[in-house]
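J.: Take a look at model.cif, mmCIF, C-alpha atoms:
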```cif
data_protein
loop_
_atom_site.label_atom_id
_atom_site.label_comp_id
_atom_site.auth_asym_id
_atom_site.auth_seq_id
_atom_site.Cartn_x
_atom_site.Cartn_y
_atom_site.Cartn_z
CA MET G 15 -30.33 6.34 0.23
CA ASN G 16 -30.63 8.87 -2.60
CA ASP G 17 -29.50 7.00 -5.72
CA VAL G 18 -28.87 10.27 -7.54
CA ALA G 19 -26.20 11.19 -4.98
CA VAL G 20 -24.15 8.04 -5.61
CA PRO G 21 -22.02 8.21 -8.80
CA ASP G 22 -21.71 5.07 -10.89
CA PHE G 23 -18.13 4.39 -9.83
CA PHE G 24 -19.06 4.38 -6.15
CA ARG G 25 -22.00 2.10 -6.88
CA ARG G 26 -19.59 -0.35 -8.50
CA LEU G 27 -17.06 0.03 -5.71
CA TRP G 28 -19.65 -0.75 -3.02
CA ARG G 29 -21.42 -3.32 -5.22
CA LEU G 30 -24.71 -1.43 -5.18
CA PRO G 31 -27.41 -2.28 -7.74
CA THR G 32 -26.89 -0.53 -11.04
CA VAL G 33 -29.37 0.50 -13.70
CA GLU G 34 -29.79 -2.25 -16.28
CA HIS G 35 -29.24 -1.35 -19.91
CA ARG G 36 -32.42 -1.90 -21.87
CA LEU G 37 -30.84 -2.33 -25.29
CA GLY G 38 -28.89 -5.38 -26.36
CA ARG G 39 -28.49 -8.77 -24.79
CA LYS G 40 -28.22 -9.09 -21.04
CA SER G 41 -24.60 -9.40 -19.98
CA THR G 42 -23.39 -12.62 -18.43
CA LEU G 43 -20.74 -10.67 -16.51
CA ASP G 44 -20.92 -8.47 -13.44
CA VAL G 45 -18.53 -6.22 -11.52
CA GLU G 46 -17.54 -8.95 -9.08
CA THR G 47 -16.58 -11.38 -11.82
CA VAL G 48 -14.49 -8.84 -13.71
CA VAL G 49 -12.72 -7.52 -10.63
CA SER G 50 -12.02 -10.93 -9.06
CA THR G 51 -10.58 -12.13 -12.36
CA ALA G 52 -8.35 -9.06 -12.61
CA VAL G 53 -7.16 -9.51 -9.01
CA ARG G 54 -6.30 -13.15 -9.65
CA LEU G 55 -4.30 -12.25 -12.75
CA ALA G 56 -2.46 -9.51 -10.83
CA ASP G 57 -1.68 -11.93 -8.00
CA GLU G 58 -0.23 -14.35 -10.53
CA GLY G 59 1.72 -11.94 -12.72
CA GLY G 60 1.57 -8.37 -11.44
CA LEU G 61 -0.32 -5.40 -12.90
CA ASP G 62 0.99 -6.09 -16.40
CA ALA G 63 -0.90 -9.38 -16.32
CA ALA G 64 -4.19 -7.66 -15.48
CA THR G 65 -4.66 -5.24 -18.36
CA LEU G 66 -8.11 -4.87 -19.88
CA PRO G 67 -7.27 -7.00 -22.96
CA LYS G 68 -5.86 -9.78 -20.76
CA VAL G 69 -8.82 -9.72 -18.39
CA ALA G 70 -11.16 -9.80 -21.38
CA ALA G 71 -9.28 -12.73 -22.90
CA GLU G 72 -9.49 -14.60 -19.59
CA LEU G 73 -13.26 -14.08 -19.58
CA SER G 74 -13.62 -14.80 -23.34
CA VAL G 75 -15.19 -11.42 -24.07
CA SER G 76 -14.13 -8.27 -25.87
CA ALA G 77 -12.22 -5.60 -23.97
CA MET G 78 -14.88 -3.02 -24.86
CA SER G 79 -17.56 -5.11 -23.17
CA LEU G 80 -15.79 -4.68 -19.82
CA TYR G 81 -16.39 -0.93 -19.72
CA ARG G 82 -20.04 -1.56 -18.95
CA HIS G 83 -18.96 -3.08 -15.64
CA ILE G 84 -15.83 -1.16 -14.63
CA GLY G 85 -16.24 2.27 -16.26
CA SER G 86 -12.60 2.75 -17.33
CA LYS G 87 -9.15 1.20 -16.97
CA HIS G 88 -8.41 3.62 -14.12
CA GLU G 89 -11.56 2.56 -12.31
CA LEU G 90 -10.67 -1.10 -12.76
CA LEU G 91 -7.40 -0.47 -10.90
CA GLN G 92 -9.26 1.23 -8.05
CA LEU G 93 -11.79 -1.60 -7.89
CA MET G 94 -8.97 -4.16 -7.86
CA MET G 95 -7.04 -2.35 -5.15
CA ASP G 96 -10.02 -2.15 -2.82
CA ALA G 97 -11.12 -5.74 -3.45
CA ALA G 98 -7.61 -7.04 -2.70
CA SER G 99 -7.08 -4.95 0.44
CA GLU G 100 -9.34 -6.66 2.93
CA PRO G 101 -8.04 -5.89 6.45
CA GLY G 102 -7.09 -8.83 8.62
CA ALA G 103 -8.46 -9.56 12.06
CA THR G 104 -7.70 -6.92 14.68
CA SER G 105 -6.81 -7.34 18.32
CA SER G 106 -9.54 -6.53 20.82
CA ASP G 107 -7.03 -5.50 23.50
CA GLU G 108 -7.47 -1.76 24.02
CA SER G 109 -5.07 -1.58 26.97
CA SER G 110 -1.96 -1.64 24.78
CA GLY G 111 -2.50 1.98 23.71
CA TRP G 112 -2.64 3.89 20.46
CA ARG G 113 1.04 3.42 19.63
CA ASP G 114 0.94 -0.38 19.70
CA GLY G 115 -2.33 -0.28 17.79
CA LEU G 116 -1.01 1.98 15.04
CA ARG G 117 2.22 -0.01 14.86
CA GLN G 118 0.23 -3.18 14.21
CA TRP G 119 -1.96 -1.28 11.71
CA ALA G 120 1.14 -0.24 9.76
CA VAL G 121 2.75 -3.70 10.01
CA ASP G 122 -0.42 -5.36 8.72
CA LEU G 123 -0.57 -2.94 5.78
CA TRP G 124 3.12 -3.60 5.10
CA SER G 125 2.44 -7.35 5.14
CA LEU G 126 -0.41 -6.89 2.67
CA TYR G 127 1.85 -4.97 0.30
CA ARG G 128 4.57 -7.59 0.60
CA ALA G 129 2.09 -10.39 -0.10
CA ARG G 130 0.49 -8.51 -3.00
CA PRO G 131 3.27 -6.26 -4.34
CA TRP G 132 1.11 -4.98 -7.18
CA ILE G 133 -1.20 -3.07 -4.82
CA PRO G 134 1.19 -0.18 -3.97
CA ARG G 135 1.95 0.11 -7.69
CA VAL G 136 -1.64 1.12 -8.40
CA PRO G 137 -1.68 4.91 -8.99
CA ILE G 138 -3.71 6.81 -6.40
CA TYR G 139 -6.39 8.68 -8.32
CA ARG G 140 -8.63 9.53 -5.39
CA ALA G 141 -8.93 9.42 -1.59
CA PRO G 142 -9.90 6.11 0.08
CA SER G 143 -13.40 5.33 -1.15
CA GLY G 144 -14.10 1.59 -1.14
CA PRO G 145 -15.41 -0.55 1.72
CA HIS G 146 -12.05 -2.20 2.42
CA GLN G 147 -10.17 1.09 2.28
CA ILE G 148 -12.71 2.65 4.62
CA ALA G 149 -12.27 -0.36 6.92
CA TRP G 150 -8.54 0.36 7.10
CA LEU G 151 -9.33 4.00 7.84
CA GLU G 152 -11.81 3.03 10.56
CA ARG G 153 -9.30 0.71 12.18
CA GLY G 154 -6.72 3.50 12.26
CA PHE G 155 -9.20 5.98 13.73
CA GLU G 156 -10.06 3.45 16.43
CA GLN G 157 -6.44 3.48 17.61
CA LEU G 158 -6.48 7.28 17.93
CA ALA G 159 -9.96 7.55 19.47
CA LEU G 160 -8.69 8.07 23.03
CA THR G 161 -6.16 10.75 22.09
CA GLU G 162 -6.98 14.44 22.06
CA LEU G 163 -6.07 14.83 18.39
CA ASP G 164 -8.75 16.51 16.29
CA TRP G 165 -10.07 14.93 13.09
CA ASP G 166 -7.70 16.83 10.86
CA GLU G 167 -4.72 15.65 12.92
CA LYS G 168 -5.97 12.06 12.97
CA LEU G 169 -6.47 12.03 9.22
CA THR G 170 -3.06 13.61 8.68
CA ALA G 171 -1.44 10.96 10.90
CA LEU G 172 -3.04 8.07 9.00
CA THR G 173 -2.21 9.66 5.65
CA LEU G 174 1.42 10.01 6.71
CA LEU G 175 1.59 6.43 8.00
CA SER G 176 -0.11 4.87 4.98
CA GLY G 177 2.11 6.89 2.65
CA PHE G 178 5.21 5.74 4.50
CA VAL G 179 4.14 2.09 4.31
CA ARG G 180 3.32 2.35 0.60
CA GLN G 181 6.56 4.12 -0.29
CA SER G 182 8.61 1.69 1.82
CA ALA G 183 7.06 -1.25 -0.02
CA LEU G 184 7.74 0.34 -3.41
CA LEU G 185 11.31 1.20 -2.46
CA GLN G 186 12.05 -2.34 -1.32
CA GLN G 187 10.57 -3.77 -4.50
CA GLU G 188 12.72 -1.52 -6.66
CA LEU G 189 15.88 -2.22 -4.67
CA GLU G 190 15.24 -5.97 -4.90
CA GLU G 191 14.77 -5.68 -8.66
CA GLY G 192 18.06 -3.77 -8.93
CA ARG G 193 20.17 -6.32 -7.04
CA ASP G 194 21.95 -9.24 -8.67
CA THR G 195 20.10 -12.53 -8.45
CA GLY G 196 20.62 -14.07 -5.03
CA GLN G 197 22.41 -11.01 -3.62
CA ALA G 198 21.38 -10.08 -0.08
CA GLN G 199 20.44 -6.53 0.81
CA SER G 200 23.30 -6.31 3.33
CA GLU G 201 25.83 -7.36 0.71
CA SER G 202 24.52 -4.78 -1.75
CA GLU G 203 24.68 -2.08 0.94
CA ARG G 204 28.27 -2.99 1.85
CA GLU G 205 29.33 -2.74 -1.80
CA TYR G 206 27.55 0.60 -2.09
CA GLY G 207 29.14 1.97 1.07
CA ALA G 208 32.64 0.80 0.13
CA ALA G 209 32.46 2.34 -3.33
CA LEU G 210 31.09 5.70 -2.17
CA TYR G 211 33.58 5.86 0.71
CA HIS G 212 36.33 6.24 -1.87
CA LEU G 213 34.40 8.62 -4.12
CA VAL G 214 32.76 11.14 -1.76
CA ASP G 215 35.12 14.05 -1.07
CA ALA G 216 35.13 14.97 2.63
CA GLU G 217 35.86 18.63 1.84
CA ARG G 218 32.94 18.92 -0.57
CA PHE G 219 30.49 16.63 1.28
CA PRO G 220 31.71 16.54 4.89
CA GLN G 221 28.55 15.13 6.49
CA THR G 222 27.94 12.51 3.82
CA ALA G 223 31.60 11.47 3.89
CA ALA G 224 31.36 11.01 7.66
CA MET G 225 28.31 8.82 7.15
CA PHE G 226 30.14 6.59 4.66
CA ALA G 227 33.12 6.41 7.03
CA SER G 228 30.83 5.06 9.76
CA GLU G 229 29.61 1.47 10.13
CA VAL G 230 26.10 2.20 8.85
CA PHE G 231 26.52 0.01 5.75
CA ALA G 232 28.73 -2.64 7.34
CA SER G 233 26.12 -4.67 9.23
CA GLU G 234 25.76 -8.39 8.58
CA THR G 235 22.46 -10.11 7.88
CA THR G 236 20.49 -10.76 11.06
CA GLY G 237 17.58 -13.06 11.84
CA GLN G 238 15.10 -10.33 10.98
CA ASP G 239 14.41 -9.71 7.31
CA GLU G 240 16.49 -6.69 6.33
CA SER G 241 13.67 -4.87 4.57
CA ASP G 242 11.44 -5.46 7.60
CA ARG G 243 14.15 -4.01 9.83
CA ASP G 244 14.44 -0.85 7.74
CA PHE G 245 10.67 -0.48 7.70
CA SER G 246 10.39 -1.00 11.47
CA ASP G 247 13.12 1.56 12.21
CA GLY G 248 11.43 4.19 10.05
CA LEU G 249 8.03 3.40 11.55
CA GLU G 250 9.31 4.01 15.09
CA ILE G 251 10.63 7.44 14.10
CA ILE G 252 7.20 8.40 12.76
CA LEU G 253 5.49 7.07 15.88
CA ASP G 254 7.92 9.08 18.02
CA GLY G 255 6.85 12.22 16.18
CA LEU G 256 3.17 11.37 16.57
CA ALA G 257 3.74 10.76 20.30
CA ALA G 258 5.04 14.33 20.56
CA GLN G 259 1.94 15.56 18.76
CA VAL G 260 -0.30 13.56 21.06
CA GLY G 261 1.57 15.01 24.01
CA GLU G 262 3.28 11.88 25.25
CA VAL G 263 6.94 11.25 25.87
CA PRO G 264 8.15 8.64 23.32
#
```
Translate the structure of the given file into structure tokens.
T.:
Amino acid sequence: MNDVAVPDFFRRLWRLPTVEHRLGRKSTLDVETVVSTAVRLADEGGLDAATLPKVAAELSVSAMSLYRHIGSKHELLQLMMDAASEPGATSSDESSGWRDGLRQWAVDLWSLYRARPWIPRVPIYRAPSGPHQIAWLERGFEQLALTELDWDEKLTALTLLSGFVRQSALLQQELEEGRDTGQAQSESEREYGAALYHLVDAERFPQTAAMFASEVFASETTGQDESDRDFSDGLEIILDGLAAQVGEVP
């Protein structure tokens, strides 16, 4: 491997050896310690709990001393996101087909975001670069390996799917934060639908008025988590579109 070709950030991301500083005392910290501490704080209290000053305080060092190991606050977020995004075990059954495989891929990513809601809140500063992110990418490519899609189409499909999962997780978080304490999603939707039914003018907004006059917001809570249901419904629409691209009948 040509060390010159690997920028410092990527060396930290992949935990490659870094050049030791010759001046000053040898640091008692390393990338793994800083990142694992930041991930733990984020798991406990969200991104606001994992700022550089708070990570430094947890490690009993100065915030400036952390830059030697994580480069910048933006890089710390990228290091945290990759470290916390380890893919789960995958099924070895290849007979189920690409659609079932990609569905499970998306559901597993959704589950990760629900378990660690701070991850989709990390701004995306660059394309997937870390070992765990590449593992997610590899797993997605494996599901599409037997299709006739070219690499550009495969990458576009995974970008679309991952973006949908991320945005769905963020949307559900924000909707949950906006609801009254203890209020179910279905109850909030019924209140929304009832209010807008009386406000939306059918002459000005005929299609939207027809939607509010329907039963779309009148459903009761079912056994399936409501946010999971909305996510699953949207996922199937995307998979239907990908099936058309692959050349299969949904």
J.: Kindly provide the residues of stretch 105-202 of chain G that approach stretch 72-91 of chain G to within 12 Å, each paired with its closest atom pair and their distance in Å to one decimal, based on only C-alpha atoms, listed by chain and increasing number, as JSON lines.
T.:
```
{"residue": "G:Trp132", "atom": "CA", "partner": "G:Leu91", "partner_atom": "CA", "distance": 10.3}
{"residue": "G:Ile133", "atom": "CA", "partner": "G:Leu91", "partner_atom": "CA", "distance": 9.1}
{"residue": "G:Pro134", "atom": "CA", "partner": "G:Leu91", "partner_atom": "CA", "distance": 11.0}
{"residue": "G:Arg135", "atom": "CA", "partner": "G:Leu91", "partner_atom": "CA", "distance": 9.9}
{"residue": "G:Val136", "atom": "CA", "partner": "G:Leu91", "partner_atom": "CA", "distance": 6.5}
{"residue": "G:Pro137", "atom": "CA", "partner": "G:Leu91", "partner_atom": "CA", "distance": 8.1}
{"residue": "G:Ile138", "atom": "CA", "partner": "G:Leu91", "partner_atom": "CA", "distance": 9.3}
{"residue": "G:Tyr139", "atom": "CA", "partner": "G:His88", "partner_atom": "CA", "distance": 8.0}
{"residue": "G:Arg140", "atom": "CA", "partner": "G:Glu89", "partner_atom": "CA", "distance": 10.2}
{"residue": "G:Ser143", "atom": "CA", "partner": "G:Glu89", "partner_atom": "CA", "distance": 11.6}
{"residue": "G:Gly144", "atom": "CA", "partner": "G:Glu89", "partner_atom": "CA", "distance": 11.5}
```
J.: If we count all atoms listed in the file and set the cut-off at 12 Å, which residues sit around G:Ala224, ignoring sequence neighbours fewer than 6 positions away in its own chain? Please answer as an MDAnalysis selection string.
T.: chainID G and resid 207 210:212 214:218 230
J.: State, in Å with one decimal place, the distance from atom CA of G:Leu249 to atom CA of G:Arg193.
T.: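 One can read the atom CA of G:Leu249 to atom CA of G:Arg193 distance as 24.2 Å.
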J.: Extract, using all atoms listed in the file, all DNA, RNA and protein residues at most 12 Å from G:Glu58, discarding same-chain residues fewer than 4 positions from it, and format them as an NGL selection string.
T.: :G and (51-54 or 62-64 or 129-132)
J.: Hey, can you spit out that residue selection with C-alpha atoms as a tab-separated table (two decimals), in the coordinates of the input?
T.:
```tsv
chain	number	residue	atom	x	y	z
G	51	THR	CA	-10.58	-12.13	-12.36
G	52	ALA	CA	-8.35	-9.06	-12.61
G	53	VAL	CA	-7.16	-9.51	-9.01
G	54	ARG	CA	-6.30	-13.15	-9.65
G	62	ASP	CA	0.99	-6.09	-16.40
G	63	ALA	CA	-0.90	-9.38	-16.32
G	64	ALA	CA	-4.19	-7.66	-15.48
G	129	ALA	CA	2.09	-10.39	-0.10
G	130	ARG	CA	0.49	-8.51	-3.00
G	131	PRO	CA	3.27	-6.26	-4.34
G	132	TRP	CA	1.11	-4.98	-7.18
```
J.: Work out how far atom CA of G:Pro101 is from atom CA of G:Trp150, in Å to one decimal.
T.: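 About the pair atom CA of G:Trp150 and atom CA of G:Pro101: they are 6.3 Å apart.
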J.: Dump as a tab-separated table the rows for residues of stretch 94-126 of chain G within 10 Å of stretch 23-31 of chain G: closest atom pair and distance in Å with one decimal, all atoms listed in the file counted, ordered by chain and rising residue number.
T.:
```
residue	atom	partner	partner_atom	distance
G:Met94	CA	G:Leu27	CA	9.4
G:Asp96	CA	G:Leu27	CA	7.9
G:Ala97	CA	G:Leu27	CA	8.6
```
J.: Atom CA of G:Gln92 and atom CA of G:Leu189, how far apart in Å?
T.: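 Calculated distance between atom CA of G:Leu189 and atom CA of G:Gln92 is 25.6 Å.
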J.: Need the shell around stretch 159-176 of chain G: protein/DNA/RNA residues with any atom at most 9 Å away, counting only C-alpha atoms. Skip same-chain ones fewer than 3 positions apart. Format as a ChimeraX atom specification?
T.: /G:111-112,116,120,123,151,154-156,179-181,249,252-253,256,259-261
J.: Please write the residues from the selection above to a file, keeping C-alpha atoms, as a tab-separated table (two decimals), in the coordinates of the input.
T.:
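Output (result-v1.tsv):
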```
chain	number	residue	atom	x	y	z
G	111	GLY	CA	-2.50	1.98	23.71
G	112	TRP	CA	-2.64	3.89	20.46
G	116	LEU	CA	-1.01	1.98	15.04
G	120	ALA	CA	1.14	-0.24	9.76
G	123	LEU	CA	-0.57	-2.94	5.78
G	151	LEU	CA	-9.33	4.00	7.84
G	154	GLY	CA	-6.72	3.50	12.26
G	155	PHE	CA	-9.20	5.98	13.73
G	156	GLU	CA	-10.06	3.45	16.43
G	179	VAL	CA	4.14	2.09	4.31
G	180	ARG	CA	3.32	2.35	0.60
G	181	GLN	CA	6.56	4.12	-0.29
G	249	LEU	CA	8.03	3.40	11.55
G	252	ILE	CA	7.20	8.40	12.76
G	253	LEU	CA	5.49	7.07	15.88
G	256	LEU	CA	3.17	11.37	16.57
G	259	GLN	CA	1.94	15.56	18.76
G	260	VAL	CA	-0.30	13.56	21.06
G	261	GLY	CA	1.57	15.01	24.01
```
J.: Using all atoms listed in the file, which of G:Glu188, G:Asp194, G:Asp114, G:Glu201 sits nearest G:Gln157?
T.: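 Closest candidate: G:Asp114.
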J.: Translate the PyMOL selection byres ((chain G and resi 199) around 9) into a concrete residue list for this structure, as a VMD selection string.
T.: chain G and resid 189 to 190 193 197 to 198 200 to 204 235 240 to 241
J.: Could you please take those selected residues and save C-alpha atoms as a compact mmCIF listing (two decimals), in the frame of the given file?
T.:
```txt
# COMPACT_ATOMS: atom_id res chain seq x y z
CA LEU G 189 15.88 -2.22 -4.67
CA GLU G 190 15.24 -5.97 -4.90
CA ARG G 193 20.17 -6.32 -7.04
CA GLN G 197 22.41 -11.01 -3.62
CA ALA G 198 21.38 -10.08 -0.08
CA SER G 200 23.30 -6.31 3.33
CA GLU G 201 25.83 -7.36 0.71
CA SER G 202 24.52 -4.78 -1.75
CA GLU G 203 24.68 -2.08 0.94
CA ARG G 204 28.27 -2.99 1.85
CA THR G 235 22.46 -10.11 7.88
CA GLU G 240 16.49 -6.69 6.33
CA SER G 241 13.67 -4.87 4.57
```
J.: Residues proximal to (-5.5, -9.4, -0.2) were defined as those with any atom within 7 Å of that point in the file's coordinates, counting only C-alpha atoms. Which are they, as a ChimeraX atom specification?
T.: /G:98-100,126,130
J.: When you look at G:Phe245 with a cut-off of 9 Å (counting only C-alpha atoms), what residues show up, excluding the ones that are within fewer than 5 positions of it in the same chain? I need them as a ChimeraX atom specification.
T.: /G:121,124,178-179,182-183,240,250
